[in-house]
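So the structure is just underneath, and the comments pick up after that.
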Amino acid sequence: MPVLAGCAVPHPPIIVPAVGKGEERVISKTIEAYREVARRIAALQPDTLVIMSPHATAYLDYFHIAPGPGATGDLSQFNAPQTRCAVDYDQELVAAICRQAADRDIPAGTEGEKDPSLDHGTMVPLSFICEQIPRPRIVRLGLSWLPPLTHYRLGEAIAAAADKLGRRIVFVASGDLSHRLSELGSYGYDPAGPQFDEQVTQAFASGDFGVLLRFEESFCEAAGECGLRSFITMAGALDGRPVSSELLSHEGPWGVGYGVAWFSPKDGADPHRRFGQAYVAEQLASATKARAGQDPLVQLARFSIEHRLSTGHTARWPSDVPAELLESLPSEALDTRAGAFVSLHKDGRLRGCIGTILPTASCLGEEIVRNAVSAALDDPRFDPVAPSELPRLIYSVDVLSAPEPIAGPDELDPARYGVIVSCGNRRGLLLPDLDGVDTVDQQIDIARRKGGIGAGEPYRLERFTVVRHT
């Protein structure tokens with residue numbers, strides 16, 4: 001049994017007495033639960049702790065694992081330099097994790113360390129653990145902005161590496177819950193905050209890790225979550241194992257949710273707890289169902305991408321389009337010109353979105369053929385779509401009306417109109433009716449930043465409507 005246990009713990013520095021100076025008594029249940037977790041870890045006598053922290057070195061598309069023989073850290077940035085900790089790194093396990101990640105095409109490694117000292121997301125858990133284990137051996141990882149499923153698969157790689165070396169590990173998933181539980185907090189209030197905490201703590205109590213994979217990205221952003229990807233990676237390390245789950249505490253007096261949970265795996269295997277596999281199957285079924293009722297314009301976008309990935313060249317309009325598909329297209333695709341955006345989603349998250357504000361092709365159909373390929377291969381935010389991803393992609397096509405100038409924000413409605421913000425030759429566009437964009441100010445601000453327009457620069461506004469095809 002290489003993974004002896006997993007735990008989810010928060011990391012507010014104020015919980016450490018030298019920082020809190022008495023204020024920490026407000027979250028005494030969290031402190032009590034934390035100390036219980038530290039005692040349980042010590043009783044298991046693990047060879048190594050694997051600690052994942054949202055405040056360690058992080059990259060968009062890469063998991064950083066701290067290199068070298070060891071590190072030290074303190075809480076001097078929180079006026080408590082006397083709270084110090086030293087750890088040894090399990091370099092052999094680090095190398096094994098890197099190999100297992102590479103075998104799974106997960107980008108992870110020790111390159112690109114920004115700060116070798118222990119971050120506070122690692123220091124706070126260690127301040128409790130080191131009371132029981134004075135100088136623990138650890139592996140320290142940062143999060144990435146890769147999809148939740150990739151974090152889960154990294155957890156599987158960590159368990160496989162420990163198993164191969166015969167390491168007995170405990171996975172410490174460091175992370176707070178929502179930062180938007182109350183107007184009293186520094187991040188304000190959002191209804192998604194309490195909802196997020198309730199759903200995550202229920203998942204902790206029941207051990208239903210599948211819940212953690214299914215959160216919509218916009219919901220997580222609205223909730224201001226912190227530790228979800230740490231929790232998901234821990235869940236992956238326990239994949240396929242029967243688990244006893246305990247929610248030891250949950251508090252949120254300062255507008256931030258602090259949850260402490262303990263997960264103890266049992267001997268044997270439980271095929272019903274392969275949450276990563278189940279999630280992939282769900283997403284594949286959802287994509288298959290969506291495909292069955294696809295609008296002809298969406299079918300055209302899908303055909304264009306699949307043709308490009310299978311043949312290596314973009315479909316010629318209209319000669320490469322199958323006759324049956326061509327005949328099913330509405331007349332506007334053949335005899336009108338319009339700007340269009342093609343969006344791709346995979347596993348509930350954006351996978352690519354590229355479009356044109358004004359028409360650039362002979363007709364709407366050709367516009368969609370071109371923009372679909374660009375969305376799949378040329379969106380700078382993402383790697384190009386691989387053929388293996390095609391069965392899980394969900395497509396949408398937005399056809400734009402001609403933009404019209406407006407006098408000001410009063411003529412906008414983020415549910416009805418898209419917006420174009422322009423300053424000189426720079427301009428940013430935002431489509432209407434997007435999750436998490438509820439106000440005109442939000443809409444303008446996002447579009448302005450997309451166009452590289454500074455907050456104090458003058459700008460012009462245009463609006464447009466969209467017909468969305470799914």
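Residue numbering restarts at 1 in every chain; chains get A, B, ... in the order shown in the structure tokens, and ligands count up from 1 in that same order.
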From a DSSP pass on the backbone, collect the residues of segment 219-338 of chain A flagged as helix (DSSP H, G or I) and hand them back as a PyMOL selection string. chain A and resi 219-223+228-237+271-273+275-292+296-311+323-328+331-335
Written selection (C-alpha atoms) as a PDB file, in the first residue's frame:
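Contents of part-v5.pdb, as written:
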```pdb
ATOM      1  CA  PHE A 219     -18.377  28.473 -11.051  1.00  0.00           C
ATOM      2  CA  CYS A 220     -14.901  27.953  -9.590  1.00  0.00           C
ATOM      3  CA  GLU A 221     -13.825  31.436 -10.667  1.00  0.00           C
ATOM      4  CA  ALA A 222     -16.930  33.003  -9.148  1.00  0.00           C
ATOM      5  CA  ALA A 223     -16.287  31.128  -5.891  1.00  0.00           C
ATOM      6  CA  LEU A 228      -9.412  22.393  -5.811  1.00  0.00           C
ATOM      7  CA  ARG A 229      -6.574  21.183  -8.045  1.00  0.00           C
ATOM      8  CA  SER A 230      -4.578  20.053  -5.005  1.00  0.00           C
ATOM      9  CA  PHE A 231      -7.578  18.029  -3.848  1.00  0.00           C
ATOM     10  CA  ILE A 232      -8.084  16.533  -7.307  1.00  0.00           C
ATOM     11  CA  THR A 233      -4.426  15.453  -7.512  1.00  0.00           C
ATOM     12  CA  MET A 234      -4.713  13.792  -4.105  1.00  0.00           C
ATOM     13  CA  ALA A 235      -7.871  12.022  -5.318  1.00  0.00           C
ATOM     14  CA  GLY A 236      -5.933  10.697  -8.299  1.00  0.00           C
ATOM     15  CA  ALA A 237      -3.303   9.249  -5.956  1.00  0.00           C
ATOM     16  CA  PRO A 271     -13.540  -0.352  -9.582  1.00  0.00           C
ATOM     17  CA  HIS A 272     -16.343   2.066  -8.693  1.00  0.00           C
ATOM     18  CA  ARG A 273     -13.743   4.527  -7.421  1.00  0.00           C
ATOM     19  CA  PHE A 275     -13.226   8.555 -10.943  1.00  0.00           C
ATOM     20  CA  GLY A 276     -10.921   9.610 -13.772  1.00  0.00           C
ATOM     21  CA  GLN A 277     -12.134   6.819 -16.038  1.00  0.00           C
ATOM     22  CA  ALA A 278     -15.764   7.530 -15.143  1.00  0.00           C
ATOM     23  CA  TYR A 279     -15.320  11.220 -15.895  1.00  0.00           C
ATOM     24  CA  VAL A 280     -13.806  10.513 -19.324  1.00  0.00           C
ATOM     25  CA  ALA A 281     -16.687   8.159 -20.105  1.00  0.00           C
ATOM     26  CA  GLU A 282     -19.223  10.816 -19.058  1.00  0.00           C
ATOM     27  CA  GLN A 283     -17.596  13.485 -21.205  1.00  0.00           C
ATOM     28  CA  LEU A 284     -17.403  11.131 -24.176  1.00  0.00           C
ATOM     29  CA  ALA A 285     -21.088  10.268 -23.795  1.00  0.00           C
ATOM     30  CA  SER A 286     -21.954  13.974 -23.533  1.00  0.00           C
ATOM     31  CA  ALA A 287     -19.992  14.778 -26.695  1.00  0.00           C
ATOM     32  CA  THR A 288     -21.601  11.863 -28.543  1.00  0.00           C
ATOM     33  CA  LYS A 289     -25.068  13.001 -27.495  1.00  0.00           C
ATOM     34  CA  ALA A 290     -24.351  16.592 -28.526  1.00  0.00           C
ATOM     35  CA  ARG A 291     -23.049  15.395 -31.873  1.00  0.00           C
ATOM     36  CA  ALA A 292     -26.254  13.494 -32.620  1.00  0.00           C
ATOM     37  CA  PRO A 296     -25.447  21.812 -39.795  1.00  0.00           C
ATOM     38  CA  LEU A 297     -23.099  24.793 -39.253  1.00  0.00           C
ATOM     39  CA  VAL A 298     -21.586  22.989 -36.269  1.00  0.00           C
ATOM     40  CA  GLN A 299     -21.265  19.814 -38.327  1.00  0.00           C
ATOM     41  CA  LEU A 300     -19.363  21.883 -40.889  1.00  0.00           C
ATOM     42  CA  ALA A 301     -16.943  23.134 -38.212  1.00  0.00           C
ATOM     43  CA  ARG A 302     -16.374  19.583 -36.961  1.00  0.00           C
ATOM     44  CA  PHE A 303     -15.843  18.292 -40.499  1.00  0.00           C
ATOM     45  CA  SER A 304     -13.282  21.040 -41.172  1.00  0.00           C
ATOM     46  CA  ILE A 305     -11.194  20.153 -38.114  1.00  0.00           C
ATOM     47  CA  GLU A 306     -11.375  16.412 -38.656  1.00  0.00           C
ATOM     48  CA  HIS A 307     -10.463  16.849 -42.336  1.00  0.00           C
ATOM     49  CA  ARG A 308      -7.432  18.976 -41.452  1.00  0.00           C
ATOM     50  CA  LEU A 309      -6.164  16.553 -38.810  1.00  0.00           C
ATOM     51  CA  SER A 310      -6.645  13.505 -41.032  1.00  0.00           C
ATOM     52  CA  THR A 311      -5.326  14.901 -44.326  1.00  0.00           C
ATOM     53  CA  ALA A 323     -22.401  16.513 -50.683  1.00  0.00           C
ATOM     54  CA  GLU A 324     -24.808  15.406 -47.958  1.00  0.00           C
ATOM     55  CA  LEU A 325     -23.423  17.992 -45.517  1.00  0.00           C
ATOM     56  CA  LEU A 326     -23.370  20.703 -48.176  1.00  0.00           C
ATOM     57  CA  GLU A 327     -27.029  20.072 -48.998  1.00  0.00           C
ATOM     58  CA  SER A 328     -28.022  20.288 -45.329  1.00  0.00           C
ATOM     59  CA  SER A 331     -28.950  29.176 -47.459  1.00  0.00           C
ATOM     60  CA  GLU A 332     -27.121  31.808 -45.378  1.00  0.00           C
ATOM     61  CA  ALA A 333     -24.037  29.580 -45.332  1.00  0.00           C
ATOM     62  CA  LEU A 334     -23.898  29.656 -49.115  1.00  0.00           C
ATOM     63  CA  ASP A 335     -25.023  33.121 -50.142  1.00  0.00           C
TER      64      ASP A 335
END
```
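Near Ala415 of chain A, within 6 Å and counting only C-alpha atoms, sit Asp413, Pro432 and Asp433 of chain A, not including residues fewer than 2 positions from it in the same chain.
Across A:Tyr459, A:Phe382, A:Tyr59, A:Phe464, the tightest approach to Leu358 of chain A is made by A:Phe464 when counting only C-alpha atoms.
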Write out as a short mmCIF file (atom, residue, chain, number, x, y, z; two decimals) with C-alpha atoms, in the first residue's frame each polymer residue whose atoms come within 8 Å of segment 123-131 of chain A, counting only C-alpha atoms; drop sequence neighbours fewer than 6 positions from it.
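Dumped to around.cif:
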```cif
data_model
loop_
_atom_site.label_atom_id
_atom_site.label_comp_id
_atom_site.auth_asym_id
_atom_site.auth_seq_id
_atom_site.Cartn_x
_atom_site.Cartn_y
_atom_site.Cartn_z
CA VAL A 9 -5.74 21.02 4.76
CA PRO A 10 -5.97 24.84 4.51
CA HIS A 11 -3.02 27.21 4.71
CA PRO A 12 -4.03 30.52 6.36
CA PRO A 13 -0.88 31.86 8.04
CA ILE A 15 -3.67 29.80 12.05
CA VAL A 16 -0.06 29.66 13.26
CA TYR A 34 -5.02 20.08 11.96
CA ARG A 35 -3.24 18.71 15.00
CA ALA A 38 -0.47 15.70 12.13
CA ARG A 39 -0.77 13.02 14.82
CA ILE A 41 0.50 11.23 9.82
CA ALA A 42 3.17 10.63 12.46
CA GLY A 73 11.36 28.25 4.82
CA ASP A 74 9.85 30.60 7.37
CA LEU A 75 6.89 32.89 7.84
CA THR A 83 8.44 29.95 12.57
CA ARG A 84 10.92 28.01 10.49
CA CYS A 85 11.09 24.57 8.96
CA SER A 174 -2.80 22.13 0.73
#
```
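Here the question is which of A:Asp267, A:Glu32, A:Asp435, A:Asp347 gets nearest to Thr150 of chain A using only C-alpha atoms, and that residue is A:Asp347.
Remark: for Gly408 of chain A, the closest of the candidate residues A:Glu462, A:Gly224, A:Leu429, A:Arg241 is A:Glu462 (distances computed over only C-alpha atoms).
Proximity of A:Val94, A:Ile65, A:Pro387, A:Leu393 to Gly112 of chain A, computed with only C-alpha atoms, is greatest for A:Ile65.
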